[in-house]
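The file input.csv contains CSV, C-alpha atoms:
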```csv
chain,number,residue,atom,x,y,z
A,1,MET,CA,33.4,82.7,105.4
A,2,LYS,CA,33.5,78.9,106.0
A,3,VAL,CA,30.1,77.5,106.9
A,4,GLY,CA,29.2,74.0,108.2
A,5,ILE,CA,25.7,72.7,107.9
A,6,LEU,CA,24.5,70.1,110.5
A,7,THR,CA,21.3,68.3,109.5
A,8,TYR,CA,19.8,64.9,108.5
A,9,HIS,CA,21.7,64.6,105.3
A,10,ARG,CA,22.5,60.9,105.9
A,11,ALA,CA,18.9,59.8,106.1
A,12,HIS,CA,17.7,57.8,103.1
A,13,ASN,CA,14.8,60.1,102.6
A,14,TYR,CA,14.1,62.4,99.6
A,15,GLY,CA,13.1,65.4,101.6
A,16,ALA,CA,16.0,65.1,104.0
A,17,VAL,CA,18.7,65.2,101.4
A,18,LEU,CA,17.0,67.7,99.1
A,19,GLN,CA,16.4,70.3,101.8
A,20,CYS,CA,20.1,69.9,102.7
A,21,PHE,CA,21.3,70.3,99.1
A,22,ALA,CA,19.0,73.4,98.8
A,23,LEU,CA,20.5,75.0,101.8
A,24,GLN,CA,24.0,74.2,100.7
A,25,GLU,CA,23.4,75.8,97.3
A,26,ILE,CA,21.6,78.9,98.7
A,27,ILE,CA,24.6,79.6,101.1
A,28,ARG,CA,27.1,78.9,98.3
A,29,LYS,CA,25.3,81.4,96.0
A,30,GLN,CA,25.8,84.0,98.7
A,31,GLY,CA,29.5,83.6,98.2
A,32,HIS,CA,30.5,81.5,101.1
A,33,GLU,CA,32.5,78.3,101.3
A,34,VAL,CA,30.1,75.7,102.6
A,35,GLU,CA,30.3,72.1,103.7
A,36,ILE,CA,27.9,69.5,105.1
A,37,ILE,CA,29.2,68.3,108.4
A,38,ASP,CA,29.2,64.6,108.0
A,39,TYR,CA,27.7,63.6,111.4
A,40,LYS,CA,27.0,59.9,111.7
A,41,GLN,CA,24.2,60.2,114.2
A,42,PRO,CA,24.0,56.7,115.9
A,43,PHE,CA,20.2,56.2,115.8
A,44,ILE,CA,19.8,57.4,112.2
A,45,GLU,CA,22.8,55.3,111.0
A,46,LYS,CA,21.2,52.2,112.6
A,47,TYR,CA,17.8,52.9,111.3
A,48,TYR,CA,18.8,53.4,107.7
A,49,ASN,CA,21.6,50.9,107.5
A,50,PRO,CA,20.2,47.7,108.9
A,51,GLN,CA,22.2,44.5,108.9
A,52,VAL,CA,21.0,41.1,107.7
A,53,SER,CA,20.0,38.8,110.6
A,54,PHE,CA,21.4,35.5,109.6
A,55,ARG,CA,19.8,34.0,112.7
A,56,HIS,CA,16.4,35.1,111.4
A,57,VAL,CA,17.1,33.8,107.9
A,58,ILE,CA,18.1,30.4,109.3
A,59,LYS,CA,14.9,30.3,111.5
A,60,LEU,CA,12.7,31.0,108.5
A,61,CYS,CA,14.5,28.2,106.5
A,62,LEU,CA,14.1,25.7,109.3
A,63,LEU,CA,10.4,26.5,109.6
A,64,LEU,CA,10.0,26.3,105.8
A,65,GLU,CA,8.6,29.8,105.8
A,66,PHE,CA,9.8,30.5,102.2
A,67,GLU,CA,7.3,33.2,101.5
A,68,GLY,CA,8.5,35.1,104.6
A,69,LEU,CA,12.1,34.5,103.6
A,70,TYR,CA,11.4,35.9,100.2
A,71,VAL,CA,9.8,39.0,101.7
A,72,TYR,CA,12.7,39.4,104.2
A,73,VAL,CA,15.4,39.1,101.5
A,74,LYS,CA,13.5,41.4,99.0
A,75,ARG,CA,13.1,44.0,101.7
A,76,TYR,CA,16.8,43.9,102.5
A,77,PHE,CA,17.8,44.3,98.8
A,78,ASP,CA,15.3,47.1,98.4
A,79,LYS,CA,16.9,48.9,101.3
A,80,PHE,CA,20.4,48.2,99.9
A,81,LYS,CA,19.3,49.7,96.5
A,82,LYS,CA,17.8,52.7,98.3
A,83,ARG,CA,21.0,53.2,100.3
A,84,ARG,CA,23.1,53.1,97.1
A,85,PHE,CA,20.9,55.8,95.5
A,86,PHE,CA,21.2,58.2,98.4
A,87,ASN,CA,25.0,57.6,98.8
A,88,GLU,CA,25.5,58.2,95.1
A,89,PHE,CA,23.6,61.5,95.4
A,90,ARG,CA,25.6,62.7,98.4
A,91,LEU,CA,28.9,61.9,96.6
A,92,ALA,CA,27.8,63.7,93.5
A,93,PHE,CA,26.0,66.8,94.7
A,94,MET,CA,26.8,67.4,98.4
A,95,LYS,CA,30.1,68.7,99.6
A,96,CYS,CA,30.6,66.7,102.8
A,97,GLY,CA,33.5,67.1,105.2
A,98,LYS,CA,35.2,64.2,107.0
A,99,PRO,CA,32.8,61.8,108.8
A,100,PHE,CA,32.6,62.1,112.6
A,101,ASN,CA,30.6,60.3,115.3
A,102,GLY,CA,30.0,63.0,117.8
A,103,THR,CA,33.3,63.1,119.6
A,104,ASN,CA,35.5,64.7,116.9
A,105,ILE,CA,33.4,67.4,115.3
A,106,PRO,CA,35.5,69.7,113.0
A,107,GLN,CA,36.3,73.0,114.6
A,108,ASP,CA,37.5,74.9,111.5
A,109,TYR,CA,34.2,76.5,110.6
A,110,ASP,CA,33.5,80.2,111.1
A,111,THR,CA,29.8,79.5,111.3
A,112,TYR,CA,27.7,76.5,112.1
A,113,VAL,CA,24.2,76.4,110.6
A,114,LEU,CA,22.0,73.7,112.3
A,115,GLY,CA,18.9,72.7,110.4
A,116,SER,CA,16.5,72.5,108.7
A,117,ASP,CA,14.5,69.3,109.3
A,118,GLN,CA,13.4,67.7,112.6
A,119,ILE,CA,16.8,67.9,114.3
A,120,TRP,CA,15.0,68.5,117.6
A,121,GLY,CA,12.5,65.7,117.1
A,122,ILE,CA,13.5,63.2,119.8
A,123,HIS,CA,11.7,60.4,117.9
A,124,CYS,CA,14.2,61.0,115.0
A,125,THR,CA,17.3,60.8,117.2
A,126,ASN,CA,16.1,58.4,119.9
A,127,GLY,CA,16.2,61.0,122.6
A,128,TYR,CA,18.2,64.1,123.3
A,129,ASP,CA,21.2,64.6,120.9
A,130,PRO,CA,23.6,67.3,122.2
A,131,ILE,CA,25.1,67.8,118.8
A,132,TYR,CA,21.8,69.0,117.2
A,133,TRP,CA,21.4,71.3,120.2
A,134,GLY,CA,24.7,73.0,119.5
A,135,ASN,CA,26.4,71.4,122.5
A,136,PHE,CA,29.9,70.7,121.0
A,137,PRO,CA,33.3,72.3,120.9
A,138,LYS,CA,33.8,75.1,118.4
A,139,GLY,CA,36.8,77.1,117.3
A,140,PRO,CA,37.6,80.5,118.7
A,141,GLY,CA,35.0,83.1,117.6
A,142,ALA,CA,32.8,80.5,115.8
A,143,LYS,CA,29.1,81.3,115.8
A,144,VAL,CA,26.1,78.8,115.8
A,145,PHE,CA,22.8,79.5,114.2
A,146,GLY,CA,19.6,77.5,113.8
A,147,TYR,CA,17.8,77.6,110.5
A,148,ALA,CA,14.2,76.4,110.2
A,149,ILE,CA,14.7,73.9,113.0
A,150,SER,CA,11.7,71.5,113.3
A,151,GLY,CA,10.5,69.0,115.8
A,152,THR,CA,7.8,68.6,118.4
A,153,THR,CA,7.8,69.8,122.0
A,154,ALA,CA,8.3,66.3,123.2
A,155,TYR,CA,11.8,67.3,124.2
A,156,HIS,CA,10.2,68.3,127.5
A,157,LYS,CA,10.1,64.5,128.3
A,158,VAL,CA,13.9,64.3,128.3
A,159,LEU,CA,15.1,67.9,129.2
A,160,SER,CA,14.2,70.1,132.1
A,161,GLU,CA,13.4,73.8,131.4
A,162,ASP,CA,16.8,74.7,132.9
A,163,GLU,CA,18.5,72.2,130.5
A,164,ILE,CA,16.5,73.7,127.5
A,165,ARG,CA,17.6,77.2,128.4
A,166,SER,CA,21.2,76.0,128.8
A,167,ASN,CA,21.1,74.4,125.3
A,168,ILE,CA,19.5,77.5,123.8
A,169,GLY,CA,22.6,79.4,125.1
A,170,ASN,CA,24.7,77.5,122.6
A,171,PHE,CA,23.1,79.5,119.7
A,172,ASN,CA,23.8,83.1,118.6
A,173,ASN,CA,20.4,83.1,116.9
A,174,LEU,CA,17.5,80.8,116.1
A,175,SER,CA,14.8,80.3,113.5
A,176,PHE,CA,12.1,77.6,113.4
A,177,ARG,CA,9.9,76.0,110.8
A,178,GLU,CA,6.8,75.8,112.9
A,179,GLU,CA,5.2,78.4,115.1
A,180,THR,CA,4.3,75.9,117.9
A,181,LEU,CA,8.0,75.0,118.4
A,182,ARG,CA,9.1,78.7,118.1
A,183,ASP,CA,6.5,79.8,120.7
A,184,ASP,CA,7.4,77.0,123.2
A,185,ILE,CA,11.1,77.9,123.1
A,186,ALA,CA,10.3,81.6,123.3
A,187,LYS,CA,8.2,80.9,126.4
A,188,VAL,CA,10.8,78.7,128.1
A,189,ALA,CA,14.0,80.6,127.2
A,190,GLY,CA,12.6,84.1,126.9
A,191,ILE,CA,14.0,84.7,123.4
A,192,HIS,CA,12.8,86.1,120.2
A,193,ALA,CA,13.1,83.7,117.2
A,194,GLU,CA,12.1,83.8,113.5
A,195,ILE,CA,10.0,81.5,111.4
A,196,ALA,CA,11.8,80.4,108.3
A,197,LEU,CA,10.9,78.3,105.2
A,198,ASP,CA,12.1,74.9,104.4
A,199,PRO,CA,15.2,75.5,102.2
A,200,THR,CA,13.6,73.9,99.1
A,201,LEU,CA,11.0,76.7,99.1
A,202,LEU,CA,13.8,79.2,98.7
A,203,THR,CA,14.9,77.7,95.4
A,204,ASP,CA,13.9,78.0,91.8
A,205,ALA,CA,13.9,75.5,88.9
A,206,GLU,CA,17.4,76.6,87.9
A,207,ILE,CA,19.1,75.2,91.1
A,208,TRP,CA,17.7,71.8,90.3
A,209,SER,CA,18.8,71.7,86.6
A,210,PRO,CA,22.0,69.6,87.3
A,211,LEU,CA,19.8,66.8,88.7
A,212,ILE,CA,17.3,66.7,85.8
A,213,ASN,CA,17.1,63.5,83.7
A,214,SER,CA,15.3,64.7,80.6
A,215,GLU,CA,14.5,61.1,79.5
A,216,TRP,CA,11.4,61.3,81.8
A,217,SER,CA,9.9,63.9,79.4
A,218,GLN,CA,9.3,61.1,76.9
A,219,ARG,CA,6.9,59.2,79.2
A,220,ASN,CA,3.2,59.6,79.8
A,221,TYR,CA,2.5,59.2,83.5
A,222,ILE,CA,1.2,60.6,86.8
A,223,VAL,CA,3.1,60.4,90.0
A,224,LEU,CA,2.0,58.8,93.2
A,225,TYR,CA,4.0,59.6,96.4
A,226,GLN,CA,2.6,58.5,99.8
A,227,VAL,CA,4.4,59.2,103.0
A,228,ARG,CA,1.4,59.0,105.3
A,229,PHE,CA,-1.7,56.9,105.3
A,230,ILE,CA,-5.2,56.9,106.8
A,231,LYS,CA,-5.5,54.1,109.3
A,232,GLY,CA,-7.7,51.3,107.9
A,233,GLU,CA,-7.6,52.9,104.5
A,234,GLU,CA,-4.0,52.5,103.6
A,235,LYS,CA,-4.8,51.8,99.9
A,236,MET,CA,-7.1,54.8,99.4
A,237,LEU,CA,-4.6,57.0,97.7
A,238,ASN,CA,-3.3,54.2,95.6
A,239,ARG,CA,-6.9,53.4,94.4
A,240,LYS,CA,-7.5,57.0,93.5
A,241,ALA,CA,-4.3,57.3,91.6
A,242,LYS,CA,-5.0,54.1,89.6
A,243,SER,CA,-8.5,55.3,88.7
A,244,PHE,CA,-7.1,58.7,87.7
A,245,ALA,CA,-4.3,57.2,85.6
A,246,LYS,CA,-6.9,54.9,83.8
A,247,HIS,CA,-9.1,57.9,83.1
A,248,LEU,CA,-6.1,59.8,81.6
A,249,ASN,CA,-4.9,56.7,79.8
A,250,CYS,CA,-1.4,56.9,81.3
A,251,GLU,CA,0.9,54.9,83.6
A,252,ILE,CA,1.6,55.5,87.3
A,253,ILE,CA,5.1,56.1,88.7
A,254,ASP,CA,5.0,55.3,92.4
A,255,LEU,CA,7.8,56.9,94.4
A,256,SER,CA,6.5,55.8,97.7
A,257,ASP,CA,9.0,53.0,98.2
A,258,MET,CA,11.9,55.3,97.2
A,259,GLN,CA,13.2,52.8,94.7
A,260,TYR,CA,14.2,55.7,92.3
A,261,SER,CA,17.3,57.8,92.6
A,262,VAL,CA,17.1,61.3,94.1
A,263,GLU,CA,17.7,62.8,90.7
A,264,ASP,CA,14.9,60.7,89.3
A,265,PHE,CA,12.6,61.9,92.1
A,266,VAL,CA,13.1,65.5,91.1
A,267,SER,CA,12.9,64.7,87.3
A,268,ILE,CA,9.8,62.5,87.6
A,269,ILE,CA,7.9,65.3,89.4
A,270,LYS,CA,9.1,67.9,86.8
A,271,TYR,CA,7.8,66.0,83.8
A,272,ALA,CA,4.6,64.4,85.3
A,273,LYS,CA,1.2,65.1,83.9
A,274,CYS,CA,0.0,65.3,87.5
A,275,VAL,CA,1.3,64.5,91.0
A,276,VAL,CA,-0.9,62.8,93.6
A,277,THR,CA,0.6,63.0,97.0
A,278,SER,CA,0.5,63.2,100.8
A,279,SER,CA,4.0,64.7,100.9
A,280,PHE,CA,5.2,68.2,101.7
A,281,HIS,CA,8.2,68.0,99.5
A,282,ALA,CA,6.3,66.5,96.5
A,283,THR,CA,4.0,69.5,96.9
A,284,VAL,CA,6.9,71.9,97.0
A,285,PHE,CA,8.6,70.5,93.9
A,286,SER,CA,5.3,70.6,92.0
A,287,ILE,CA,5.1,74.3,92.9
A,288,ILE,CA,8.8,74.8,91.9
A,289,PHE,CA,8.3,73.2,88.4
A,290,GLY,CA,4.7,74.3,87.9
A,291,THR,CA,3.6,70.7,87.7
A,292,PRO,CA,-0.2,70.0,88.2
A,293,PHE,CA,-0.8,68.3,91.5
A,294,TYR,CA,-3.2,67.2,94.2
A,295,SER,CA,-2.2,67.3,97.8
A,296,PHE,CA,-4.3,65.0,100.0
A,297,LYS,CA,-5.5,66.2,103.4
A,298,LEU,CA,-5.5,63.2,105.8
A,299,TYR,CA,-6.6,65.2,108.9
A,300,ASP,CA,-3.7,63.9,111.0
A,301,THR,CA,-2.1,67.3,111.9
A,302,HIS,CA,0.8,66.7,109.5
A,303,ASP,CA,-1.3,68.1,106.6
A,304,ASP,CA,-0.7,71.6,108.0
A,305,ARG,CA,2.8,71.9,106.5
A,306,TYR,CA,1.4,72.0,102.9
A,307,THR,CA,-2.2,73.1,103.4
A,308,ASP,CA,-1.0,76.3,105.2
A,309,LEU,CA,1.6,76.8,102.5
A,310,LEU,CA,-1.0,76.4,99.7
A,311,GLU,CA,-3.4,78.7,101.4
A,312,ARG,CA,-0.8,81.4,101.6
A,313,LEU,CA,0.0,80.9,97.9
A,314,HIS,CA,-3.7,81.1,97.1
A,315,LEU,CA,-3.5,77.5,95.7
A,316,SER,CA,-5.9,75.8,98.1
A,317,LYS,CA,-7.9,74.3,95.2
A,318,HIS,CA,-5.1,71.7,95.0
A,319,VAL,CA,-6.0,70.4,98.5
A,320,VAL,CA,-8.3,67.4,98.3
A,321,ASP,CA,-9.4,64.6,100.6
A,322,LYS,CA,-10.6,61.0,100.6
A,323,ASP,CA,-14.0,62.0,99.3
A,324,SER,CA,-12.6,63.8,96.3
A,325,VAL,CA,-12.9,62.4,92.8
A,326,LEU,CA,-9.8,63.0,90.6
A,327,SER,CA,-11.2,63.5,87.1
A,328,GLU,CA,-9.1,66.2,85.5
A,329,ILE,CA,-5.7,67.7,85.6
A,330,PRO,CA,-5.8,70.9,87.7
A,331,PHE,CA,-4.5,74.2,86.3
A,332,VAL,CA,-1.5,75.5,88.2
A,333,ASP,CA,-1.7,79.3,88.5
A,334,ARG,CA,2.0,80.2,88.1
A,335,ASP,CA,1.1,83.9,88.3
A,336,MET,CA,0.0,83.3,91.9
A,337,ILE,CA,3.2,81.5,92.7
A,338,LYS,CA,5.3,84.3,91.2
A,339,LYS,CA,3.3,86.9,93.1
A,340,TYR,CA,3.1,85.3,96.6
A,341,LEU,CA,6.1,83.0,97.0
A,342,PRO,CA,8.6,85.8,97.0
A,343,LEU,CA,6.6,87.4,99.8
A,344,LEU,CA,7.0,84.3,101.9
A,345,GLN,CA,10.7,83.9,101.0
A,346,GLU,CA,11.6,87.5,102.0
A,347,SER,CA,12.0,87.0,105.8
A,348,SER,CA,13.9,83.7,105.3
A,349,PHE,CA,16.4,85.3,102.9
A,350,ARG,CA,16.8,88.2,105.2
A,351,TYR,CA,17.5,85.9,108.2
A,352,LEU,CA,20.2,84.0,106.2
A,353,LYS,CA,21.8,87.2,105.0
A,354,THR,CA,21.9,88.5,108.6
A,355,ILE,CA,23.5,85.4,110.2
A,356,LEU,CA,26.0,85.0,107.4
A,357,SER,CA,27.1,88.6,107.2
```

Please express what this file holds, its structure, as structure tokens.
Amino acid sequence: MKVGILTYHRAHNYGAVLQCFALQEIIRKQGHEVEIIDYKQPFIEKYYNPQVSFRHVIKLCLLLEFEGLYVYVKRYFDKFKKRRFFNEFRLAFMKCGKPFNGTNIPQDYDTYVLGSDQIWGIHCTNGYDPIYWGNFPKGPGAKVFGYAISGTTAYHKVLSEDEIRSNIGNFNNLSFREETLRDDIAKVAGIHAEIALDPTLLTDAEIWSPLINSEWSQRNYIVLYQVRFIKGEEKMLNRKAKSFAKHLNCEIIDLSDMQYSVEDFVSIIKYAKCVVTSSFHATVFSIIFGTPFYSFKLYDTHDDRYTDLLERLHLSKHVVDKDSVLSEIPFVDRDMIKKYLPLLQESSFRYLKTILS
């Protein structure tokens, strides 16, 4: 069977490309021919591939704002470096089809799998995107499935309930990452849908071995990876990580600005003495590799993705908050992971097997 995956694989974001790679490898290991459908979603392309504003550069020069000019130029080159890292990863590890812009989607797939990630998050696509809602031409007999689709219910702002029901009709079956989204769709469209795990949670360390750079095993460091902040206390996690690193007499590798390659992201977490993070995927990869970690609860509702996961794995001791003092490397109970993670994975694997049979 030829399977096409539609997701956020072109975003310059570790979680976006790694969840896509994971789903690709899981489907491939089930014996299917799989490709990433290379959809150049307009808003994502503009957001992650900004152009230099020469008018702005000239203005800064005329105003003698050399510090602002330095910051602007540095920011551009940082984004260029980041873009290069992600493009190199996609070329090396992701089997992508021909690029398309929404008007010429390939029709030679037997099955389309849409997801995971926030493909129904209108803030991610700047409104309703019909492609991510399965509204595109398909070949005869082709089927469309959603896997671990994520988003918020803000689509009600741009779609009527009749339009939502019409779009749901594009799918043969659906699964979602969050219960709130699943329950809302079930209420509006009158359908039953599954809850499925982020694809990275269906993997083991072996899948990631082609990405590993063993040179990181020679360094003595902890990892800091911030993707969210407490308003007014943006430096809180940074301060705690610095104090912790000083206590452990080691360096900090800060992944927050994404100035490391995707392969290094995975490798750095694998070989770290400890991971300090507010990221779901940094938490997941710590679990996969059995790396000690602390996941910070910021009480902004986005914590639930990893706090709920850690509770279900009986690893809640790894959840800390701004009042916590990091003084020792936590023990990772790998027996708990081996016992409870397969139980969480079971329904997701069953769903994938069903839709790809």

Open item on the list: Just to confirm, what's the straight-line distance from CA of Leu255 in chain A to CA of Tyr225 in chain A in Å (one decimal)?
Closed with: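 Distance between the two atoms: 5.1 Å.
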
- [ ] Please indicate the distance in Å from CA of Arg334 in chain A to CA of Lys322 in chain A, rounded to one decimal place.
- [x]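 Between CA of Arg334 in chain A and CA of Lys322 in chain A the gap is 26.1 Å.
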
TODO: Could you tell me how far CA of Ser286 in chain A lies from CA of Val332 in chain A, in Å and to one decimal?
DONE: 9.2 Å

Task: Nearest candidate to Leu91 in chain A (options A:Tyr340, A:Tyr8, A:Phe21, A:Phe171; using all atoms listed in the file) - done: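 Counting all atoms listed in the file, the residue closest to Leu91 in chain A is A:Phe21.
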
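Compared by their closest atoms to Gln118 in chain A, and using only C-alpha atoms, the residues A:Arg312, A:Lys46, A:Lys273, A:Arg177 rank with A:Arg177 nearest.
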
- [ ] For Arg83 in chain A, please output as a count of residues only all residues within 8 Å (counting all atoms listed in the file; exclusion window: fewer than 2 positions along the same chain).
- [x] 9

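Among the candidates A:Asp323, A:Glu263, A:Glu88, A:Glu25, the one nearest to Trp216 in chain A when counting all atoms listed in the file is A:Glu263.
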
Task: Counting all atoms listed in the file, the option among A:His9, A:Leu63, A:Lys82, A:Glu215 closest to Asp257 in chain A - done: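 Ranking A:His9, A:Leu63, A:Lys82, A:Glu215 by distance to Asp257 in chain A, first place goes to A:Lys82.
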
- [ ] Would you mind telling me which residue in A:Ser327, A:Thr301, A:Gln259, A:Asp110 lies nearest to Ser243 in chain A when using all atoms listed in the file?
- [x]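 Residue with the minimum atom-to-atom distance to Ser243 in chain A: A:Ser327.
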
Task: Close residues, Ile168 in chain A itself excluded, 12 Å, all atoms listed in the file, min 2 positions apart in chain, as a ChimeraX atom specification - done: /A:120,130,132-135,144-146,159,161-166,170-175,182,185-186,188-193
